[in-house]
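Engineer: What follows is the file entry.tsv, containing TSV, C-alpha atoms:
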chain	number	residue	atom	x	y	z
W	707	MET	CA	72.77	154.40	27.88
W	708	LYS	CA	71.49	157.89	28.68
W	709	TYR	CA	68.10	156.37	29.40
W	710	LEU	CA	69.38	153.76	31.83
W	711	ARG	CA	68.87	156.00	34.86
W	712	PHE	CA	65.21	156.46	33.93
W	713	LEU	CA	64.80	152.71	33.58
W	714	ILE	CA	66.22	152.26	37.09
W	715	VAL	CA	63.94	154.98	38.52
W	716	GLY	CA	60.99	153.22	36.88
W	717	VAL	CA	61.95	149.83	38.31
W	718	VAL	CA	62.23	151.29	41.81
W	719	PHE	CA	58.89	153.09	41.35
W	720	GLY	CA	57.22	149.83	40.30
W	721	ILE	CA	58.65	147.92	43.23
W	722	VAL	CA	57.73	150.60	45.77
W	723	LEU	CA	54.14	150.92	44.54
W	724	VAL	CA	53.55	147.15	44.60
W	725	LYS	CA	55.14	146.79	48.03
W	726	SER	CA	53.06	149.74	49.31
W	727	GLU	CA	49.93	147.99	47.95
W	728	ALA	CA	48.88	151.31	46.37
W	729	VAL	CA	48.37	149.35	43.13
W	730	SER	CA	45.57	147.34	44.75
W	731	TRP	CA	41.96	148.09	43.88
W	732	TYR	CA	41.10	147.07	47.46
W	733	ARG	CA	43.32	149.75	48.99
W	734	ILE	CA	41.69	152.47	46.90
W	735	TYR	CA	38.22	151.25	47.83
W	736	GLU	CA	39.20	151.09	51.50
W	737	MET	CA	40.65	154.62	51.32
W	738	PHE	CA	37.45	156.12	49.95
W	739	ARG	CA	35.54	154.38	52.76
W	740	PHE	CA	37.90	155.92	55.32
W	741	GLU	CA	38.49	152.48	56.81
W	742	SER	CA	42.26	152.53	56.83
W	743	PHE	CA	45.00	155.06	57.40
W	744	HIS	CA	47.31	153.21	55.01
W	745	MET	CA	46.80	155.21	51.79
W	746	TYR	CA	46.53	158.52	53.66
W	747	GLY	CA	49.79	157.70	55.40
W	748	ILE	CA	51.50	157.04	52.06
W	749	ILE	CA	50.26	160.27	50.48
W	750	ALA	CA	50.87	162.43	53.57
W	751	SER	CA	54.40	161.12	54.24
W	752	ALA	CA	55.25	161.43	50.53
W	753	VAL	CA	54.05	165.03	50.39
W	754	LEU	CA	55.79	165.94	53.66
W	755	THR	CA	59.08	164.42	52.47
W	756	GLY	CA	58.61	166.12	49.10
W	757	ILE	CA	58.07	169.54	50.67
W	758	ILE	CA	61.19	169.18	52.84
W	759	LEU	CA	63.38	168.01	49.92
W	760	LEU	CA	62.20	170.73	47.53
W	761	GLN	CA	62.39	173.55	50.09
W	762	LEU	CA	65.84	172.46	51.19
W	763	SER	CA	67.09	172.31	47.59
W	764	ARG	CA	65.74	175.79	46.99
W	765	LYS	CA	67.45	177.11	50.08
W	766	ILE	CA	70.88	175.75	49.14
W	767	LYS	CA	70.26	176.62	45.45
W	768	LEU	CA	70.92	173.05	44.36
W	769	LYS	CA	71.36	172.56	40.62
W	770	ASN	CA	69.96	169.66	38.62
W	771	THR	CA	72.02	167.45	36.32
W	772	GLU	CA	71.36	169.90	33.46
W	773	GLY	CA	73.19	172.58	35.43
W	774	THR	CA	70.17	174.80	36.10
W	775	LEU	CA	68.34	175.39	39.37
W	776	MET	CA	65.96	172.63	40.49
W	777	ARG	CA	62.59	173.51	39.04
W	778	VAL	CA	59.12	172.01	39.39
W	779	PRO	CA	56.92	172.76	36.36
W	780	LYS	CA	54.14	175.20	37.23
W	781	LYS	CA	50.63	173.77	36.99
W	782	GLU	CA	48.23	175.63	34.75
W	783	LYS	CA	45.96	178.15	36.44
W	784	GLY	CA	42.20	177.81	36.59
W	785	PHE	CA	39.56	176.47	38.91
W	786	ILE	CA	36.94	174.70	36.81
W	787	ARG	CA	39.39	172.46	34.97
W	788	HIS	CA	40.92	171.28	38.22
W	789	ILE	CA	37.78	170.69	40.21
W	790	VAL	CA	35.77	169.15	37.34
W	791	GLY	CA	38.70	167.29	35.78
W	792	GLY	CA	39.75	166.11	39.23
W	793	THR	CA	36.26	164.84	40.00
W	794	ILE	CA	36.08	162.94	36.70
W	795	PHE	CA	39.48	161.45	37.43
W	796	GLY	CA	38.38	160.46	40.94
W	797	LEU	CA	35.30	158.66	39.61
W	798	GLY	CA	37.49	156.58	37.33
W	799	TRP	CA	40.19	156.07	39.96
W	800	ALA	CA	37.68	154.52	42.37
W	801	LEU	CA	35.93	152.46	39.69
W	802	ALA	CA	39.00	150.95	38.04
W	803	GLY	CA	40.99	151.12	41.28
W	804	ALA	CA	44.02	152.27	39.35
W	805	CYS	CA	45.55	155.61	38.42
W	806	PRO	CA	48.01	155.99	35.52
W	807	GLY	CA	51.16	154.85	37.41
W	808	PRO	CA	49.67	151.62	38.78
W	809	MET	CA	48.06	150.85	35.41
W	810	TYR	CA	51.46	150.20	33.88
W	811	ILE	CA	52.84	148.52	36.99
W	812	LEU	CA	49.92	146.08	37.10
W	813	VAL	CA	50.91	144.81	33.65
W	814	GLY	CA	54.12	143.60	35.28
W	815	THR	CA	52.19	141.80	38.01
W	816	GLY	CA	50.56	139.69	35.30
W	817	VAL	CA	47.07	141.23	35.27
W	818	PHE	CA	46.61	141.56	31.53
W	819	SER	CA	42.99	142.69	31.69
W	820	ILE	CA	44.47	146.04	32.82
W	821	PHE	CA	45.29	146.62	29.13
W	822	ILE	CA	41.59	147.35	28.62
W	823	VAL	CA	41.81	150.12	31.21
W	824	ILE	CA	45.04	151.47	29.66
W	825	ILE	CA	43.57	151.54	26.14
W	826	ALA	CA	40.39	153.18	27.46
W	827	ALA	CA	42.51	155.75	29.33
W	828	ILE	CA	44.39	156.57	26.11
W	829	GLY	CA	40.97	156.92	24.47
W	830	GLY	CA	39.82	159.25	27.27
W	831	THR	CA	42.94	161.38	26.81
W	832	TYR	CA	42.29	161.54	23.06
W	833	LEU	CA	38.69	162.55	23.74
W	834	TYR	CA	39.93	165.41	25.91
W	835	GLY	CA	42.26	166.51	23.10
W	836	ILE	CA	39.30	166.70	20.71
W	837	LEU	CA	36.97	168.50	23.13
W	838	ARG	CA	39.54	170.77	24.76
W	839	ASP	CA	38.51	173.97	22.98
W	840	LYS	CA	34.86	173.43	23.87
W	841	LEU	CA	35.43	172.79	27.59
W	842	PRO	CA	35.52	175.49	30.27
W	843	HIS	CA	38.95	175.76	31.89
X	149	MET	CA	64.71	138.94	53.86
X	150	GLN	CA	61.31	138.49	55.51
X	151	PRO	CA	60.63	142.24	56.08
X	152	ILE	CA	61.20	142.81	52.34
X	153	LEU	CA	58.79	140.05	51.40
X	154	GLU	CA	56.09	141.42	53.70
X	155	PRO	CA	54.11	144.51	52.59
X	156	TRP	CA	56.08	147.70	53.30
X	157	PRO	CA	54.59	150.17	55.79
X	158	TRP	CA	53.32	153.58	54.61
X	159	TYR	CA	56.08	155.47	56.41
X	160	VAL	CA	58.64	153.65	54.27
X	161	THR	CA	56.86	153.76	50.91
X	162	GLY	CA	55.56	157.35	51.18
X	163	PRO	CA	59.03	158.92	51.58
X	164	LEU	CA	60.40	156.58	48.88
X	165	ILE	CA	57.75	157.85	46.42
X	166	ALA	CA	58.81	161.42	47.27
X	167	LEU	CA	62.42	160.44	46.61
X	168	ILE	CA	61.48	159.09	43.17
X	169	MET	CA	59.73	162.39	42.37
X	170	TYR	CA	62.77	164.31	43.64
X	171	ILE	CA	65.26	162.30	41.57
X	172	LEU	CA	63.26	162.91	38.39
X	173	ILE	CA	63.24	166.65	39.13
X	174	TYR	CA	66.97	166.43	39.86
X	175	PHE	CA	67.40	164.89	36.40
X	176	GLY	CA	65.68	167.99	34.99
X	177	LYS	CA	62.40	166.15	34.35
X	178	THR	CA	59.18	165.80	36.30
X	179	PHE	CA	57.09	163.07	37.93
X	180	GLY	CA	53.85	162.70	35.97
X	181	MET	CA	52.59	159.34	34.84
X	182	SER	CA	49.49	160.46	32.96
X	183	SER	CA	51.47	162.50	30.39
X	184	ASN	CA	52.46	159.18	28.87
X	185	LEU	CA	48.84	158.70	27.80
X	186	SER	CA	49.17	161.86	25.66
X	187	THR	CA	52.49	160.56	24.35
X	188	PHE	CA	50.81	157.32	23.25
X	189	CYS	CA	48.21	159.40	21.39
X	190	ALA	CA	50.98	161.39	19.69
X	191	ILE	CA	52.84	158.20	18.70
X	192	ALA	CA	49.62	156.84	17.17
X	193	GLY	CA	49.48	159.95	15.00
X	194	ALA	CA	46.75	161.88	16.85
X	195	GLY	CA	48.70	165.07	16.16
X	196	LYS	CA	47.64	164.98	12.53
X	197	LYS	CA	44.04	165.64	13.52
X	198	VAL	CA	44.18	167.20	16.98
X	199	GLU	CA	46.44	170.13	17.78
X	200	PHE	CA	46.78	169.10	21.46
X	201	PHE	CA	48.85	166.08	20.42
X	202	ARG	CA	51.08	167.99	18.00
X	203	PHE	CA	54.39	167.67	19.86
X	204	ASN	CA	57.53	165.71	19.31
X	205	TRP	CA	56.94	162.55	21.32
X	206	ARG	CA	60.63	161.68	21.05
X	207	ASP	CA	61.25	164.35	23.73
X	208	LYS	CA	59.24	162.11	26.06
X	209	LYS	CA	61.24	158.96	25.45
X	210	TRP	CA	62.76	159.21	28.93
X	211	SER	CA	59.26	158.99	30.41
X	212	LEU	CA	58.35	155.96	28.30
X	213	VAL	CA	61.52	154.30	29.55
X	214	THR	CA	60.39	155.05	33.11
X	215	VAL	CA	57.07	153.35	32.30
X	216	LEU	CA	58.94	150.32	30.96
X	217	GLY	CA	60.94	150.26	34.19
X	218	ALA	CA	57.73	150.46	36.22
X	219	VAL	CA	56.37	147.38	34.44
X	220	ILE	CA	59.60	145.50	35.18
X	221	GLY	CA	59.50	146.74	38.79
X	222	GLY	CA	55.93	145.49	39.11
X	223	PHE	CA	57.05	142.07	37.92
X	224	ILE	CA	60.02	141.93	40.29
X	225	ALA	CA	58.02	143.08	43.30
X	226	HIS	CA	55.05	140.81	42.71
X	227	PHE	CA	56.77	137.60	41.65
X	228	LEU	CA	60.10	137.78	43.46
X	229	LEU	CA	59.63	140.05	46.47
X	230	SER	CA	56.14	139.29	47.75
X	231	ASN	CA	55.24	136.49	50.05
X	232	PRO	CA	52.35	136.54	50.84
X	233	THR	CA	50.70	138.52	48.03
X	234	ASN	CA	47.30	139.08	49.64
X	235	ILE	CA	46.08	142.52	50.80
X	236	GLU	CA	45.15	142.81	54.46
X	237	ILE	CA	42.23	145.19	54.23
X	238	ASN	CA	40.04	146.28	57.11
X	239	PRO	CA	37.49	143.56	58.08
X	240	GLU	CA	34.77	146.20	57.72
X	241	THR	CA	35.87	146.86	54.14
X	242	MET	CA	35.86	143.13	53.52
X	243	LYS	CA	32.37	142.80	54.96
X	244	SER	CA	31.00	145.48	52.66
X	245	LEU	CA	32.60	143.72	49.68
X	246	ASN	CA	31.09	140.39	50.73
X	247	GLU	CA	27.70	142.07	50.72
X	248	TYR	CA	28.38	143.16	47.14
X	249	GLY	CA	29.07	139.53	46.32
X	250	PHE	CA	32.85	139.81	46.13
X	251	ALA	CA	34.27	136.49	47.25
X	252	ASN	CA	37.90	136.25	48.44
X	253	ALA	CA	38.23	140.01	49.04
X	254	GLY	CA	41.90	140.88	49.53
X	255	LYS	CA	43.21	137.45	48.54
X	256	THR	CA	44.72	138.91	45.37
X	257	LEU	CA	45.97	142.33	44.27
X	258	LEU	CA	42.80	143.00	42.26
X	259	PRO	CA	39.27	141.57	42.61
X	260	SER	CA	38.53	138.79	40.12
X	261	GLU	CA	34.95	140.15	40.05
X	262	ILE	CA	36.31	143.09	38.03
X	263	TYR	CA	39.64	141.98	36.57
X	264	GLY	CA	39.15	138.22	36.14
X	265	TRP	CA	38.55	137.01	32.57
X	266	ASN	CA	35.02	135.85	33.40
X	267	ALA	CA	34.17	139.39	34.48
X	268	VAL	CA	36.00	140.96	31.55
X	269	PHE	CA	33.92	138.97	29.08
X	270	SER	CA	30.61	140.06	30.63
X	271	ILE	CA	28.88	143.25	29.51
X	272	LYS	CA	29.04	144.74	33.00
X	273	GLY	CA	32.68	143.81	33.46
X	274	ILE	CA	33.90	145.28	30.21
X	275	LEU	CA	31.86	148.43	30.86
X	276	ILE	CA	33.45	148.89	34.30
X	277	LEU	CA	36.98	148.65	32.93
X	278	THR	CA	36.29	150.76	29.85
X	279	ILE	CA	34.39	153.52	31.61
X	280	GLY	CA	36.90	153.52	34.48
X	281	GLY	CA	39.76	153.95	32.04
X	282	LEU	CA	37.97	156.60	29.99
X	283	LEU	CA	37.21	158.68	33.09
X	284	VAL	CA	40.81	158.42	34.31
X	285	GLY	CA	42.25	159.37	30.92
X	286	PHE	CA	39.85	162.22	30.29
X	287	GLY	CA	39.86	163.57	33.85
X	288	THR	CA	43.60	163.54	34.27
X	289	ARG	CA	44.22	165.60	31.12
X	290	TYR	CA	41.38	167.99	31.94
X	291	ALA	CA	42.79	168.50	35.44
X	292	GLY	CA	46.34	168.62	34.07
X	293	GLY	CA	47.74	165.76	36.14
X	294	CYS	CA	47.06	162.62	38.11
X	295	THR	CA	48.08	161.24	41.49
X	296	SER	CA	51.79	161.56	40.70
X	297	GLY	CA	51.63	164.98	39.02
X	298	HIS	CA	49.12	166.66	41.31
X	299	ALA	CA	48.90	164.76	44.61
X	300	ILE	CA	52.65	164.12	44.97
X	301	THR	CA	54.53	166.68	42.82
X	302	GLY	CA	51.99	169.51	42.93
X	303	LEU	CA	51.28	169.34	46.66
X	304	SER	CA	55.01	168.93	47.45
X	305	SER	CA	55.69	172.17	45.58
X	306	LEU	CA	52.74	173.87	47.31
X	307	GLN	CA	50.73	174.59	44.17
X	308	MET	CA	47.11	175.66	44.55
X	309	PRO	CA	45.83	174.07	41.29
X	310	SER	CA	47.03	170.70	42.58
X	311	LEU	CA	45.21	171.11	45.88
X	312	ILE	CA	41.99	171.87	43.98
X	313	SER	CA	42.57	168.83	41.75
X	314	VAL	CA	43.20	166.52	44.71
X	315	ILE	CA	39.99	167.76	46.32
X	316	GLY	CA	38.32	166.87	43.01
X	317	PHE	CA	39.92	163.38	43.07
X	318	PHE	CA	38.26	162.80	46.44
X	319	ILE	CA	34.89	164.24	45.45
X	320	GLY	CA	34.85	161.83	42.49
X	321	GLY	CA	36.11	158.86	44.48
X	322	LEU	CA	33.59	159.39	47.27
X	323	ILE	CA	30.69	159.73	44.81
X	324	MET	CA	31.77	156.51	43.08
X	325	VAL	CA	32.23	154.41	46.22
X	326	HIS	CA	29.31	155.71	48.30
X	327	ILE	CA	26.66	156.53	45.68
X	328	ILE	CA	27.41	154.62	42.48
X	329	PHE	CA	28.82	151.35	43.87
X	330	PRO	CA	25.59	150.53	45.78
X	331	LEU	CA	23.76	150.95	42.46
X	332	ILE	CA	26.02	148.80	40.31
X	333	PHE	CA	27.15	146.03	42.72
Transcribe the structure of this file into structure tokens.

Structural biologist:
Amino acid sequence: MKYLRFLIVGVVFGIVLVKSEAVSWYRIYEMFRFESFHMYGIIASAVLTGIILLQLSRKIKLKNTEGTLMRVPKKEKGFIRHIVGGTIFGLGWALAGACPGPMYILVGTGVFSIFIVIIAAIGGTYLYGILRDKLPH
Amino acid sequence: MQPILEPWPWYVTGPLIALIMYILIYFGKTFGMSSNLSTFCAIAGAGKKVEFFRFNWRDKKWSLVTVLGAVIGGFIAHFLLSNPTNIEINPETMKSLNEYGFANAGKTLLPSEIYGWNAVFSIKGILILTIGGLLVGFGTRYAGGCTSGHAITGLSSLQMPSLISVIGFFIGGLIMVHIIFPLIF
């Protein structure tokens, strides 16, 4: 039962991403060709709403359901890991047309060939785990 | 009912995505879809060999449940709440795809030239999906997040590492679409 709320959040997330068309390979391709405002609008309005919600919560010292102050995990410092890792991610994002969220959601839309991408992505994550100590961060 | 069946505009879906991120943070968690890929590695026993995966994956059960929900949500949205299901992309985008030999661009969620079974069972097709997935999985862990963790959560909380990562996402995406696509399609 304690997981039900996360199931509901997931369902809403899946519905919103399909209805936004952000799960479509075509929308990603179109975005990187700068031929539509659609994806930029989604990201920009999401970030703007996010900033307002998080700043407001900080101002009124809102507590989360665990009883502590609302807290966003801090991202790890470093430049190389973010610019290089980000670029590698971007290459894959444009090629497969799917980032990790949409990968799972696309399973629900009945595109089972996406499992190849998911398994390869798990493989890529494993590869990073092996090479981590040898990579510049 | 018709407005729900039509695609939803960006100014509705963008804020809704932010709300999903916010609710997860309100529940004391965070919005990051790529972490689940590490969790799958841990479940498969990768922690025995690689230190990076040595964590108790049971702590991440909530996130796996979110993934399960996302799959169900994808089903509901696509099969029950979408009519039509085609993607209305820019005619210019469509033209460029036609030149690449993509027929029926935008008629389905994903191009059959990449995701259809005929493509999957060709050398080129399987390479595209495998390499695409590998790059996403490797890159996201190297950068420490994906679109949800960096572009939405990280930028919303004004974190510099996320801005650098998102710039990276675009460098990679632009190289792929403008330099590599003309070579492979």

Engineer: Near Thr256 of chain X, within 7 Å and counting only C-alpha atoms, which residues show up once chain neighbours fewer than 2 positions away are dropped, as a list in words?

Structural biologist: Thr233, Asn234, Ile235, Gly254, Leu258 and Pro259 of chain X

Engineer: Determine, counting only C-alpha atoms, which protein, DNA and RNA residues have an atom within 12 Å of an atom of Arg739 of chain W; residues of the same chain fewer than 3 positions away are not included. Present the result as a PyMOL selection string.

Structural biologist: (chain W and resi 732-736+742-743+745-746+800) or (chain X and resi 237-238+240-242+244-245+318+321-327+329)

Engineer: Skipping near chain neighbours, those fewer than 3 positions away, what residues fall within 8 Å of Tyr832 of chain W using all atoms listed in the file, listed as a ChimeraX atom specification?

Structural biologist: /W:828-829,835-836 /X:186,189,194,286

Engineer: Would you mind telling me which residue in W:Met809, W:Met737, W:Ile794, W:Leu762 lies nearest to chain X when using only C-alpha atoms?

Structural biologist: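 Nearest to chain X: W:Ile794.
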
Engineer: Find the spatial neighbours of Gly162 of chain X, counting all atoms listed in the file, within a cut-off of 12 Å - ignore same-chain residues fewer than 2 positions away - and output them as a PyMOL selection string.

Structural biologist: (chain W and resi 719+722-723+725-728+744-756) or (chain X and resi 156-160+164-169+296+299-300)

Engineer: Would you please work out which residue, of W:Gly792, W:Leu797, W:Tyr709, W:Val729, is nearest to Val813 of chain W when using all atoms listed in the file?

Structural biologist: W:Val729

Engineer: Hey, what's within 10 Å of Leu812 of chain W if we count all atoms listed in the file and toss same-chain stuff fewer than 5 positions away? As a PyMOL selection string, please?

Structural biologist: (chain W and resi 720+723-724+729-730+804+807+817-821) or (chain X and resi 218-223+226+257-258)

Engineer: Smallest atom-to-atom distance to chain W: which of X:Gly180, X:Gly264, X:Pro330, X:Gly281, using all atoms listed in the file?

Structural biologist: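 The closest residue to chain W is X:Gly281.
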
Engineer: Using all atoms listed in the file, which of X:Gly195, X:Pro163, X:Gly293, X:Gly249 sits nearest chain W?

Structural biologist: X:Pro163

Engineer: Would you work out the distance separating atom CA of Ile312 of chain X from atom CA of Val790 of chain W, expressed in Å to one decimal?

Structural biologist: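 Atom CA of Val790 of chain W lies 9.5 Å from atom CA of Ile312 of chain X.
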
Engineer: Grab the atom CA of Phe738 of chain W to atom CA of Ala826 of chain W distance for me, in Å with one decimal place.

Structural biologist: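 Distance reported for this atom pair: 22.9 Å.
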
Engineer: Find, counting only C-alpha atoms, the residue in X:Pro151, X:Gly297, X:Gly302, X:Gly320 that gets nearest to Ser182 of chain X.

Structural biologist: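 Between X:Pro151, X:Gly297, X:Gly302, X:Gly320, the residue approaching Ser182 of chain X most closely is X:Gly297.
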
Engineer: Which residue gives the smallest distance to chain X among W:Gly803, W:Pro808, W:Gly796, W:Gly773, with only C-alpha atoms counted?

Structural biologist: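 Nearest to chain X: W:Gly796.
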
Engineer: Please compute the atom CA of Glu247 of chain X-atom CA of Phe333 of chain X distance, one decimal, in Å.

Structural biologist: 8.9 Å

Engineer: With all atoms listed in the file counted, which protein, DNA or RNA residues have an atom no more than 9 Å from (61.0, 168.3, 41.2) in the file frame? Please answer as a list of chain:residue names.

Structural biologist: W:Gly756, W:Leu760, W:Met776, W:Arg777, W:Val778, W:Pro779, X:Met169, X:Tyr170, X:Ile171, X:Leu172, X:Ile173, X:Tyr174, X:Phe175, X:Gly176, X:Lys177, X:Thr178, X:Phe179, X:Thr301, X:Ser304, X:Ser305
